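Engineer: I'm passing along coords.cif; it holds mmCIF, C-alpha atoms.
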data_coords
loop_
_atom_site.label_atom_id
_atom_site.label_comp_id
_atom_site.auth_asym_id
_atom_site.auth_seq_id
_atom_site.Cartn_x
_atom_site.Cartn_y
_atom_site.Cartn_z
CA PRO A 1 30.32 15.75 7.83
CA SER A 2 30.15 12.05 7.01
CA LEU A 3 29.19 8.75 8.64
CA HIS A 4 30.94 5.61 7.38
CA PHE A 5 30.18 1.92 7.99
CA ILE A 6 33.04 -0.43 7.09
CA GLY A 7 32.45 -4.19 7.05
CA GLU A 8 35.53 -6.34 7.54
CA ARG A 9 34.00 -9.07 5.35
CA ASP A 10 32.49 -6.79 2.73
CA ARG A 11 33.19 -8.33 -0.68
CA ILE A 12 31.31 -5.67 -2.68
CA VAL A 13 33.18 -2.68 -1.27
CA PRO A 14 36.26 -4.20 0.44
CA PRO A 15 37.55 -2.44 3.57
CA GLN A 16 40.53 -1.03 1.68
CA ARG A 17 38.28 0.76 -0.82
CA ALA A 18 35.98 1.96 1.96
CA GLU A 19 38.99 3.37 3.80
CA GLU A 20 40.15 5.16 0.65
CA LEU A 21 36.75 6.84 0.44
CA GLU A 22 36.77 7.61 4.15
CA ALA A 23 40.16 9.33 3.80
CA ARG A 24 38.68 11.85 1.37
CA PHE A 25 36.48 13.32 4.11
CA VAL A 26 37.58 15.79 6.77
CA PRO A 27 38.90 13.80 9.77
CA SER A 28 37.47 16.18 12.36
CA SER A 29 33.92 15.85 11.02
CA ARG A 30 33.69 12.20 10.04
CA VAL A 31 32.49 9.25 12.11
CA THR A 32 33.42 5.68 11.25
CA VAL A 33 31.82 2.49 12.55
CA ARG A 34 33.64 -0.76 11.80
CA HIS A 35 31.92 -4.14 12.11
CA ASN A 36 32.63 -7.79 11.39
CA GLY A 37 29.89 -8.20 8.79
CA GLY A 38 29.65 -7.76 5.05
CA HIS A 39 28.07 -5.14 2.77
CA THR A 40 25.42 -4.03 5.24
CA ILE A 41 24.62 -1.68 8.09
CA PRO A 42 24.49 -3.92 11.18
CA ARG A 43 21.58 -3.92 13.57
CA GLY A 44 22.02 -3.27 17.24
CA GLU A 45 22.42 -0.57 19.84
CA LYS A 46 25.89 0.43 18.65
CA THR A 47 24.56 1.29 15.19
CA ARG A 48 21.50 3.15 16.49
CA THR A 49 23.65 5.15 18.91
CA ALA A 50 26.15 6.08 16.19
CA ILE A 51 23.43 7.23 13.77
CA ALA A 52 21.48 9.13 16.42
CA SER A 53 24.64 10.83 17.71
CA PHE A 54 25.76 11.81 14.21
CA LEU A 55 22.37 13.23 13.25
CA GLY A 56 22.17 15.06 16.56
CA GLN A 57 25.52 16.71 15.92
CA GLN A 58 24.41 17.84 12.45
CA ARG A 59 21.12 19.14 13.81
CA ARG A 60 22.94 21.22 16.41
CA ARG A 61 25.41 22.47 13.79
CA LEU A 62 22.58 23.56 11.52
CA ALA A 63 20.81 25.22 14.43
CA ASP A 64 23.95 27.22 15.20
CA THR A 65 24.21 28.21 11.54
CA ASP A 66 20.58 29.32 11.54
CA ARG A 67 21.14 31.46 14.62
CA THR A 68 24.15 33.12 13.00
CA ALA A 69 22.16 33.81 9.83
CA HIS A 70 19.35 35.20 11.96
CA ASP A 71 21.69 37.75 13.52
CA ARG A 72 23.05 38.86 10.15
CA HIS A 73 19.77 39.40 8.36
CA SER A 74 17.25 42.14 8.73
CA ALA A 75 14.21 41.61 10.95
CA ALA A 76 11.85 41.67 7.98
CA ARG A 77 13.79 39.02 6.08
CA CYS A 78 14.10 36.89 9.18
CA THR A 79 10.36 37.06 9.79
CA ARG A 80 9.66 35.96 6.24
CA GLY A 81 12.11 33.03 6.51
CA CYS A 82 10.84 31.87 9.88
CA PHE A 83 7.24 32.05 8.72
CA GLY A 84 8.07 29.90 5.70
CA GLY A 85 9.76 27.33 7.91
CA ALA A 86 6.77 27.25 10.27
CA VAL A 87 4.38 26.65 7.38
CA ALA A 88 6.59 23.85 6.04
CA HIS A 89 6.77 22.20 9.47
CA ALA A 90 3.01 22.41 9.92
CA SER A 91 2.47 20.94 6.46
CA VAL A 92 4.72 17.97 7.23
CA LYS A 93 3.13 17.42 10.63
CA ALA A 94 -0.36 17.44 9.15
CA ARG A 95 0.57 14.53 6.86
CA ALA A 96 2.34 12.55 9.59
CA THR A 97 1.45 9.10 10.82
CA ARG A 98 1.88 7.92 14.40
CA VAL A 99 4.67 5.45 15.05
CA GLN A 100 3.60 2.05 16.35
CA MET A 101 6.19 -0.47 17.49
CA ALA A 102 5.79 -4.25 17.70
CA ASP A 103 6.02 -5.58 21.25
CA ASP A 104 5.07 -9.26 21.01
CA GLY A 105 8.39 -10.51 19.62
CA ARG A 106 6.88 -12.40 16.68
CA SER A 107 8.98 -10.62 14.10
CA ARG A 108 12.40 -9.03 13.98
CA LEU A 109 11.10 -6.46 11.50
CA HIS A 110 9.61 -3.08 12.33
CA ALA A 111 5.87 -3.04 13.02
CA ARG A 112 5.32 -0.75 10.02
CA ASN A 113 7.29 -2.98 7.67
CA ARG A 114 4.89 -4.48 5.14
CA HIS A 115 6.78 -7.77 5.40
CA TRP A 116 6.51 -7.98 9.18
CA GLY A 117 4.45 -11.17 9.05
CA GLY A 118 6.70 -12.89 6.50
CA TYR A 119 6.13 -13.80 2.86
CA ASN A 120 2.86 -15.13 1.48
CA MET A 121 4.55 -17.05 -1.30
CA SER A 122 1.32 -18.38 -2.81
CA LYS A 123 -0.14 -14.88 -3.06
CA LEU A 124 3.05 -13.52 -4.59
CA ALA A 125 3.33 -16.33 -7.15
CA ASN A 126 -0.32 -16.02 -8.18
CA ALA A 127 -0.03 -12.26 -8.64
CA PHE A 128 3.41 -12.35 -10.27
CA PRO A 129 3.49 -15.26 -12.77
CA SER A 130 7.22 -15.06 -13.52
CA LEU A 131 7.89 -16.06 -9.89
CA GLN A 132 5.97 -19.33 -10.19
CA ARG A 133 8.72 -21.37 -11.85
CA HIS A 134 11.12 -20.44 -9.03
CA VAL A 135 8.90 -21.73 -6.21
CA VAL A 136 10.11 -24.95 -4.56
CA CYS A 137 8.99 -27.09 -1.63
CA GLY A 138 10.54 -26.35 1.73
CA GLY A 139 11.07 -23.37 3.95
CA LYS A 140 9.75 -22.55 7.40
CA SER A 141 6.44 -21.00 6.37
CA SER A 142 3.11 -22.68 7.00
CA GLU A 143 2.69 -22.94 3.23
CA GLY A 144 5.68 -25.22 2.93
CA ILE A 145 7.02 -23.45 -0.15
CA THR A 146 9.92 -21.09 -0.72
CA ILE A 147 12.54 -20.24 -3.36
CA ASP A 148 16.17 -21.25 -3.77
CA PHE A 149 17.92 -18.22 -2.30
CA SER A 150 21.25 -19.35 -3.74
CA ARG A 151 19.94 -18.62 -7.25
CA GLN A 152 20.28 -15.00 -8.26
CA ASP A 153 17.41 -15.18 -10.75
CA SER A 154 15.07 -16.59 -8.10
CA VAL A 155 16.03 -13.86 -5.63
CA PHE A 156 15.38 -11.22 -8.28
CA GLU A 157 11.93 -12.58 -9.14
CA LEU A 158 10.95 -12.72 -5.46
CA ASN A 159 11.94 -9.12 -4.82
CA ALA A 160 10.38 -7.96 -8.09
CA ALA A 161 7.17 -9.67 -6.94
CA LEU A 162 7.35 -7.95 -3.54
CA LEU A 163 7.77 -4.56 -5.20
CA ALA A 164 4.88 -5.19 -7.58
CA VAL A 165 2.42 -6.75 -5.15
CA ASP A 166 3.17 -4.81 -1.96
CA TYR A 167 4.36 -1.45 -3.34
CA GLY A 168 2.80 -1.16 -6.80
CA VAL A 169 6.18 -0.91 -8.56
CA ASN A 170 5.57 -3.00 -11.68
CA TRP A 171 8.55 -2.08 -13.84
CA PHE A 172 11.49 -3.11 -11.67
CA ARG A 173 14.52 -4.21 -13.72
CA LEU A 174 18.26 -4.65 -13.13
CA PRO A 175 21.18 -4.77 -15.57
CA HIS A 176 22.76 -8.18 -15.91
CA GLY A 177 25.24 -8.99 -13.17
CA TYR A 178 24.00 -6.43 -10.65
CA LEU A 179 23.04 -7.53 -7.14
CA CYS A 180 19.36 -7.54 -6.28
CA PRO A 181 18.51 -5.75 -3.02
CA ALA A 182 16.39 -7.54 -0.44
CA VAL A 183 13.25 -5.42 -0.25
CA PRO A 184 12.26 -6.20 3.38
CA GLY A 185 15.72 -5.30 4.68
CA ARG A 186 15.93 -2.09 2.67
CA ALA A 187 12.49 -1.09 3.92
CA GLU A 188 13.70 -1.78 7.45
CA TYR A 189 16.46 0.82 7.11
CA LEU A 190 13.92 3.40 5.96
CA HIS A 191 11.68 2.69 8.94
CA ALA A 192 14.70 3.17 11.21
CA VAL A 193 15.32 6.59 9.61
CA ALA A 194 11.63 7.40 10.00
CA ASP A 195 11.85 6.60 13.72
CA LEU A 196 14.80 8.95 14.09
CA LEU A 197 12.79 11.70 12.42
CA SER A 198 9.78 10.95 14.59
CA SER A 199 11.89 11.36 17.72
CA GLU A 200 11.93 15.10 16.95
CA SER A 201 8.20 15.26 16.29
CA PRO A 202 5.71 16.00 19.09
CA GLY A 203 3.62 12.91 19.71
CA GLY A 204 6.01 10.63 17.85
CA TYR A 205 4.68 11.25 14.37
CA VAL A 206 6.61 10.21 11.26
CA PRO A 207 6.78 13.08 8.75
CA ARG A 208 5.44 12.29 5.29
CA GLY A 209 5.54 14.08 1.97
CA LYS A 210 8.06 15.45 -0.48
CA LEU A 211 9.30 18.09 1.94
CA VAL A 212 11.34 15.29 3.51
CA ARG A 213 14.34 14.90 1.20
CA GLY A 214 16.81 12.05 1.28
CA LEU A 215 20.32 12.08 -0.17
CA ASP A 216 21.09 8.55 -1.40
CA ILE A 217 24.85 8.39 -1.97
CA GLY A 218 25.58 5.39 -4.17
CA VAL A 219 21.96 4.99 -5.22
CA GLY A 220 22.87 1.98 -7.37
CA ALA A 221 21.17 0.42 -10.35
CA SER A 222 18.12 -0.62 -8.33
CA CYS A 223 17.26 2.85 -6.96
CA ILE A 224 15.70 0.86 -4.13
CA TYR A 225 15.67 3.45 -1.34
CA PRO A 226 14.02 6.20 -3.42
CA LEU A 227 11.45 3.68 -4.70
CA LEU A 228 10.50 2.41 -1.26
CA GLY A 229 10.80 5.76 0.49
CA ASN A 230 8.52 7.47 -2.01
CA VAL A 231 5.86 4.76 -1.90
CA GLU A 232 5.98 4.27 1.86
CA PHE A 233 6.30 7.85 3.06
CA GLY A 234 6.01 10.10 0.00
CA TRP A 235 9.58 11.31 0.54
CA SER A 236 11.66 12.78 -2.27
CA PHE A 237 15.26 11.76 -2.98
CA ILE A 238 18.42 12.94 -4.67
CA GLY A 239 20.71 10.12 -5.83
#
When written as structure tokens, how does the structure in this file appear?
Structural biologist:
Amino acid sequence: PSLHFIGERDRIVPPQRAEELEARFVPSSRVTVRHNGGHTIPRGEKTRTAIASFLGQQRRRLADTDRTAHDRHSAARCTRGCFGGAVAHASVKARATRVQMADDGRSRLHARNRHWGGYNMSKLANAFPSLQRHVVCGGKSSEGITIDFSRQDSVFELNAALLAVDYGVNWFRLPHGYLCPAVPGRAEYLHAVADLLSSESPGGYVPRGKLVRGLDIGVGASCIYPLLGNVEFGWSFIG
């Protein structure tokens, strides 16, 4: 099973290449969402519905598989397996954190997102000296300072500062010529995944800990999702 997002204006992975990858998956078990944007997963109800529907289908498929396995195994082996699963579920639930959503409209980011209130550029520059020479006057913040987002080196230093100051990741590096991921947006995707997981948890709790495993296909040079997911939720990843 596979879920594909194809951006008509994607210059990093052009639609033709995305379609070539899509064609390698089984047609009957793949879902494709096309959009008019670039190399991104678009926001909106269409995207949320597609992801939720896809995950729901896989959950039901796995449940059917579990029931079949249950019928084929001995009662003793089944009891041992079910007990292990119950312990794992209880362990995850015990380390969960309640979901809280923003409702005042002041930010487009998730209420849990550490960048919900915007950048504190002065704080970042003071804590991350290599960012200081990239700070310029302007922007919409009350501080009246920002960076030149058209400069790749400035964008890198800003996101390296965010990782160091807000997440404690002090060794972030990228090979020359590789795109730098925008940390707030990548964190936003993880919070969306966390909300989907919480929808299956009594009380709306987000599961934390290494028992939650993410498969990051195309992890990239930045390894950004494993970095943020591990710091934010303690999740483990395969990339």
Engineer: Given the file shown, determine the residues that the PyMOL selection byres ((chain A and resi 21) around 12) selects; report them as a list in words.
Structural biologist: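 Those residues are Ser2, Leu3, His4, Phe5, Ile6, Val13, Pro14, Pro15, Gln16, Arg17, Ala18, Glu19, Glu20, Glu22, Ala23, Arg24, Phe25, Val26, Pro27, Arg30 and Thr32 of chain A.
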Engineer: With the file shown as input, list the residues that the PyMOL selection byres ((chain A and resi 192) around 12) selects, as a PyMOL selection string.
Structural biologist: chain A and resi 41+43-44+47-49+51-52+99+101+109-113+185-191+193-199+206+229
Engineer: If I take CA of Gly138 (chain A) and CA of Ala161 (chain A), how far is one from the other in Å, to one decimal?
Structural biologist: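 Answer for the CA of Gly138 (chain A) to CA of Ala161 (chain A) separation: 19.1 Å.
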Engineer: Rounded to one decimal, what separation in Å do you get between CA of Phe54 (chain A) and CA of Trp116 (chain A)?
Structural biologist: 28.1 Å
Engineer: Please return, as a ChimeraX atom specification, all polymer residues that have at least one atom within 12 Å of the point (2.4, -17.8, -6.3); use all atoms listed in the file and the file's own coordinate frame.
Structural biologist: /A:119-136,143,145-147,157-158,161-162,165
Engineer: Can you work out the spacing between CA of Lys210 (chain A) and CA of Val231 (chain A) in Å, to one decimal?
Structural biologist: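 That distance, rounded to one decimal, is 11.0 Å.
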Engineer: Quick one: of A:Asp10, A:Ser53, A:Asp64, A:Val183, who's nearest to Gly38 (chain A), counting all atoms listed in the file?
Structural biologist: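 Residue with the minimum atom-to-atom distance to Gly38 (chain A): A:Asp10.
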Engineer: Show me, as a PyMOL selection string, the residues that have an atom within 10 Å of Pro226 (chain A) when counting all atoms listed in the file, minus same-chain residues fewer than 4 positions from it.
Structural biologist: chain A and resi 190+213-216+219+222+230-232+234-239
Engineer: Is it possible to get the residues within 8 Å of (16.7, -1.3, -7.0) (coordinates as in the file, counting all atoms listed in the file) written as JSON, numbers by chain?
Structural biologist: {"A": [172, 173, 174, 180, 181, 220, 221, 222, 223, 224, 225, 227]}
